[in-house]
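For reference, the structure discussed in these notes is given below.
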Amino acid sequence: LCAIIDAEVAARDGWTIGDLASAYLAGGAKFLQVRAKREAGGWFLESAVRVVQLARPAGATVIVNDRADIAKIAAADGVHVGQHDLPPAAARVILGDTAMIGLSTHTTDQIGAAVAQPISYVAIGPMFGSATKATGYQPVGPELVARGAPRCRAAGKGIVAIGGITLDLAESVIQSGADAVAVISDLLSTGNPEARVRAYLDRLSGRSAS
Ligand code: TZP
Ligand code: MG
């Protein structure tokens, strides 16, 4: 599970970035992403620093959405970039060889191009209709994961599925070949994000029935 802490979605539900990160970590999340599309850089940096601070004792990985500079200064583990952000090779200049770098893709062509980039994982989406982000792409479904998986595997890239994923849909996405599911809204859907993260981890590790 990649638990994404999105500034706008968190604020809408009355969560501070720190409290939401703490809840996800308490639920057992080991992979967090901090995302702030509209906030000022200084605020985003402070938020990233806070999440890194909280995640370190838990041994969790933290990546920053879009901003390799903020990831670097916050000593995060890496960055997640989209098709129109800094190219992965440029992000790597800032973050170095060992950083985790993810790249969003939405088509088979983009997956084909992504596997040749200096990235750690290919993000594929939107899986389903997402309320969080108007991606401009039709939902691609687990089918695109299944189609792209062989190329990602051959290139040694991980696969993270994103977009409209819910607890009940997560297993189908993993079964299609994804290594992880990245989730924003559904983690907040019950009002208990700690329990929701635990439910995902239980479900994905096959520890719970159904
Ligand atoms: N990229 C593609 S869909 C998406 C991003 C960042 C948003 C995912 O949010 P949600 O709420 O899990 O659909
Ligand atoms: Mg982006």
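Residue numbers start at 1 in each chain; chains themselves are named A, B, ... in the order of the structure tokens; ligands are numbered from 1 in the order shown.
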
Which residues come within 9 Å of stretch 17-31 of chain A, counting only C-alpha atoms, excluding same-chain residues fewer than 6 positions away, as a ChimeraX atom specification?
/A:1-7,10-11,47-48,50-51,54-55,58-63,187,192-199,201

Can I get the residues of chain A within 7 Å of ligand 1, each with the closest pair of atoms and their distance in Å to one decimal, using only C-alpha atoms and all ligand atoms, sorted chain first then ascending number, as a tab-separated table?
residue	atom	partner	partner_atom_place_in_ligand_line	distance
A:Gly125	CA	ligand 1	2 (C)	5.3
A:Pro126	CA	ligand 1	3 (S)	4.6
A:Gly129	CA	ligand 1	13 (O)	6.9
A:Ser130	CA	ligand 1	13 (O)	3.8
A:Ala131	CA	ligand 1	13 (O)	5.7
A:Thr132	CA	ligand 1	11 (O)	4.5
A:Lys133	CA	ligand 1	7 (C)	4.8
A:Thr135	CA	ligand 1	2 (C)	6.0
A:Ile162	CA	ligand 1	3 (S)	5.3
A:Gly163	CA	ligand 1	3 (S)	3.5
A:Gly164	CA	ligand 1	13 (O)	3.4
A:Ile165	CA	ligand 1	12 (O)	5.3
A:Ala182	CA	ligand 1	12 (O)	6.4
A:Val183	CA	ligand 1	12 (O)	3.8
A:Ile184	CA	ligand 1	12 (O)	3.8
A:Ser185	CA	ligand 1	11 (O)	3.7
A:Asp186	CA	ligand 1	12 (O)	6.1

6 Å from ligand 2 is the threshold here; counting only C-alpha atoms and all ligand atoms, which polymer residues fall inside it? Answer as a tab-separated table (two decimals) with all heavy atoms, in the first residue's frame.
chain	number	residue	atom	x	y	z
A	66	ASP	N	5.90	15.23	-7.23
A	66	ASP	CA	6.34	16.30	-8.14
A	66	ASP	C	7.68	16.96	-7.86
A	66	ASP	O	8.39	17.30	-8.79
A	66	ASP	CB	5.34	17.48	-8.19
A	66	ASP	CG	4.10	17.19	-9.00
A	66	ASP	OD1	4.03	16.11	-9.61
A	66	ASP	OD2	3.21	18.04	-9.02
A	81	VAL	N	6.94	11.53	-10.03
A	81	VAL	CA	6.73	12.54	-11.07
A	81	VAL	C	5.70	12.06	-12.09
A	81	VAL	O	5.49	10.86	-12.29
A	81	VAL	CB	8.04	12.93	-11.80
A	81	VAL	CG1	8.97	13.66	-10.86
A	81	VAL	CG2	8.72	11.72	-12.42
A	82	GLY	N	5.06	13.05	-12.72
A	82	GLY	CA	4.10	12.76	-13.77
A	82	GLY	C	4.72	12.99	-15.14
A	82	GLY	O	5.89	13.38	-15.24
A	85	ASP	N	6.11	16.58	-15.46
A	85	ASP	CA	6.99	17.12	-14.41
A	85	ASP	C	8.45	17.00	-14.87
A	85	ASP	O	8.73	16.65	-16.01
A	85	ASP	CB	6.77	16.35	-13.11
A	85	ASP	CG	5.35	16.50	-12.60
A	85	ASP	OD1	4.79	17.61	-12.72
A	85	ASP	OD2	4.80	15.51	-12.09

What's around A:Ala146 at 10 Å? Count only C-alpha atoms, leave out sequence neighbours fewer than 6 positions away in its own chain, and write the answer as a PyMOL selection string.
chain A and resi 173-178

Could you take the residues named above and write them with N, CA, C and O atoms, as a PDB file, in the first residue's frame?
ATOM      1  N   VAL A 173      -6.655  -5.475  -8.386  1.00  0.00           N
ATOM      2  CA  VAL A 173      -5.574  -4.702  -8.982  1.00  0.00           C
ATOM      3  C   VAL A 173      -4.232  -5.412  -8.749  1.00  0.00           C
ATOM      4  O   VAL A 173      -3.398  -5.521  -9.650  1.00  0.00           O
ATOM      5  N   ILE A 174      -4.055  -5.915  -7.545  1.00  0.00           N
ATOM      6  CA  ILE A 174      -2.825  -6.656  -7.234  1.00  0.00           C
ATOM      7  C   ILE A 174      -2.778  -7.933  -8.082  1.00  0.00           C
ATOM      8  O   ILE A 174      -1.737  -8.296  -8.634  1.00  0.00           O
ATOM      9  N   GLN A 175      -3.935  -8.580  -8.218  1.00  0.00           N
ATOM     10  CA  GLN A 175      -3.970  -9.823  -9.008  1.00  0.00           C
ATOM     11  C   GLN A 175      -3.643  -9.580 -10.478  1.00  0.00           C
ATOM     12  O   GLN A 175      -3.156 -10.469 -11.158  1.00  0.00           O
ATOM     13  N   SER A 176      -3.891  -8.360 -10.948  1.00  0.00           N
ATOM     14  CA  SER A 176      -3.583  -8.071 -12.344  1.00  0.00           C
ATOM     15  C   SER A 176      -2.090  -7.856 -12.559  1.00  0.00           C
ATOM     16  O   SER A 176      -1.631  -7.726 -13.693  1.00  0.00           O
ATOM     17  N   GLY A 177      -1.322  -7.789 -11.464  1.00  0.00           N
ATOM     18  CA  GLY A 177       0.135  -7.702 -11.609  1.00  0.00           C
ATOM     19  C   GLY A 177       0.789  -6.525 -10.916  1.00  0.00           C
ATOM     20  O   GLY A 177       2.010  -6.358 -11.004  1.00  0.00           O
ATOM     21  N   ALA A 178       0.017  -5.695 -10.215  1.00  0.00           N
ATOM     22  CA  ALA A 178       0.620  -4.560  -9.515  1.00  0.00           C
ATOM     23  C   ALA A 178       1.317  -5.028  -8.241  1.00  0.00           C
ATOM     24  O   ALA A 178       0.899  -5.990  -7.610  1.00  0.00           O
TER      25      ALA A 178
END

Which residues in stretch 26-209 of chain A does DSSP call strand (DSSP E or B)? List them as a ChimeraX atom specification.
/A:31-35,61-65,78-81,100-105,121-124,158-162,180-183

Go ahead and write the residues just picked, C-alpha atoms, as a PDB file, in the first residue's frame.
ATOM      1  CA  PHE A  31       5.110   3.617   2.140  1.00  0.00           C
ATOM      2  CA  LEU A  32       3.838   7.196   2.209  1.00  0.00           C
ATOM      3  CA  GLN A  33       3.620   9.879  -0.447  1.00  0.00           C
ATOM      4  CA  VAL A  34       3.113  13.570   0.347  1.00  0.00           C
ATOM      5  CA  ARG A  35       1.188  15.483  -2.284  1.00  0.00           C
ATOM      6  CA  THR A  61       9.541   5.111   3.127  1.00  0.00           C
ATOM      7  CA  VAL A  62       8.439   8.631   2.182  1.00  0.00           C
ATOM      8  CA  ILE A  63       8.284  10.050  -1.296  1.00  0.00           C
ATOM      9  CA  VAL A  64       7.244  13.534  -2.373  1.00  0.00           C
ATOM     10  CA  ASN A  65       4.913  14.216  -5.283  1.00  0.00           C
ATOM     11  CA  GLY A  78      12.373   9.856  -3.380  1.00  0.00           C
ATOM     12  CA  VAL A  79       9.933  11.562  -5.657  1.00  0.00           C
ATOM     13  CA  HIS A  80       6.905  10.706  -7.751  1.00  0.00           C
ATOM     14  CA  VAL A  81       6.727  12.542 -11.069  1.00  0.00           C
ATOM     15  CA  MET A 100      13.104   5.926  -5.250  1.00  0.00           C
ATOM     16  CA  ILE A 101      11.630   7.560  -8.341  1.00  0.00           C
ATOM     17  CA  GLY A 102       8.171   6.790  -9.635  1.00  0.00           C
ATOM     18  CA  LEU A 103       6.649   7.894 -12.933  1.00  0.00           C
ATOM     19  CA  SER A 104       2.936   8.102 -13.738  1.00  0.00           C
ATOM     20  CA  THR A 105       1.759   6.449 -16.941  1.00  0.00           C
ATOM     21  CA  TYR A 121       8.524   2.000 -10.356  1.00  0.00           C
ATOM     22  CA  VAL A 122       5.938   2.667 -13.013  1.00  0.00           C
ATOM     23  CA  ALA A 123       2.646   4.065 -11.733  1.00  0.00           C
ATOM     24  CA  ILE A 124      -0.302   3.030 -13.875  1.00  0.00           C
ATOM     25  CA  GLY A 158       7.933  -2.091  -9.828  1.00  0.00           C
ATOM     26  CA  ILE A 159       4.297  -1.399 -10.620  1.00  0.00           C
ATOM     27  CA  VAL A 160       2.090   0.870  -8.532  1.00  0.00           C
ATOM     28  CA  ALA A 161      -1.570   1.106  -9.532  1.00  0.00           C
ATOM     29  CA  ILE A 162      -3.448   4.310  -8.779  1.00  0.00           C
ATOM     30  CA  ALA A 180       1.235  -1.923  -4.778  1.00  0.00           C
ATOM     31  CA  VAL A 181      -1.911   0.153  -4.768  1.00  0.00           C
ATOM     32  CA  ALA A 182      -1.700   3.920  -4.213  1.00  0.00           C
ATOM     33  CA  VAL A 183      -4.766   5.337  -2.519  1.00  0.00           C
TER      34      VAL A 183
END

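Atom pair atom CA of A:Val49 / atom CA of A:Ala74: separated by 4.8 Å.
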
DSSP helix (DSSP H, G or I) selection over stretch 7-80 of chain A, as a PyMOL selection string:
chain A and resi 7-12+17-26+41-58+68-73

For A:Ala99, which of A:Arg153, A:Ala113, A:Gln83, A:Ala71 is the closest residue, counting only C-alpha atoms?
A:Ala71
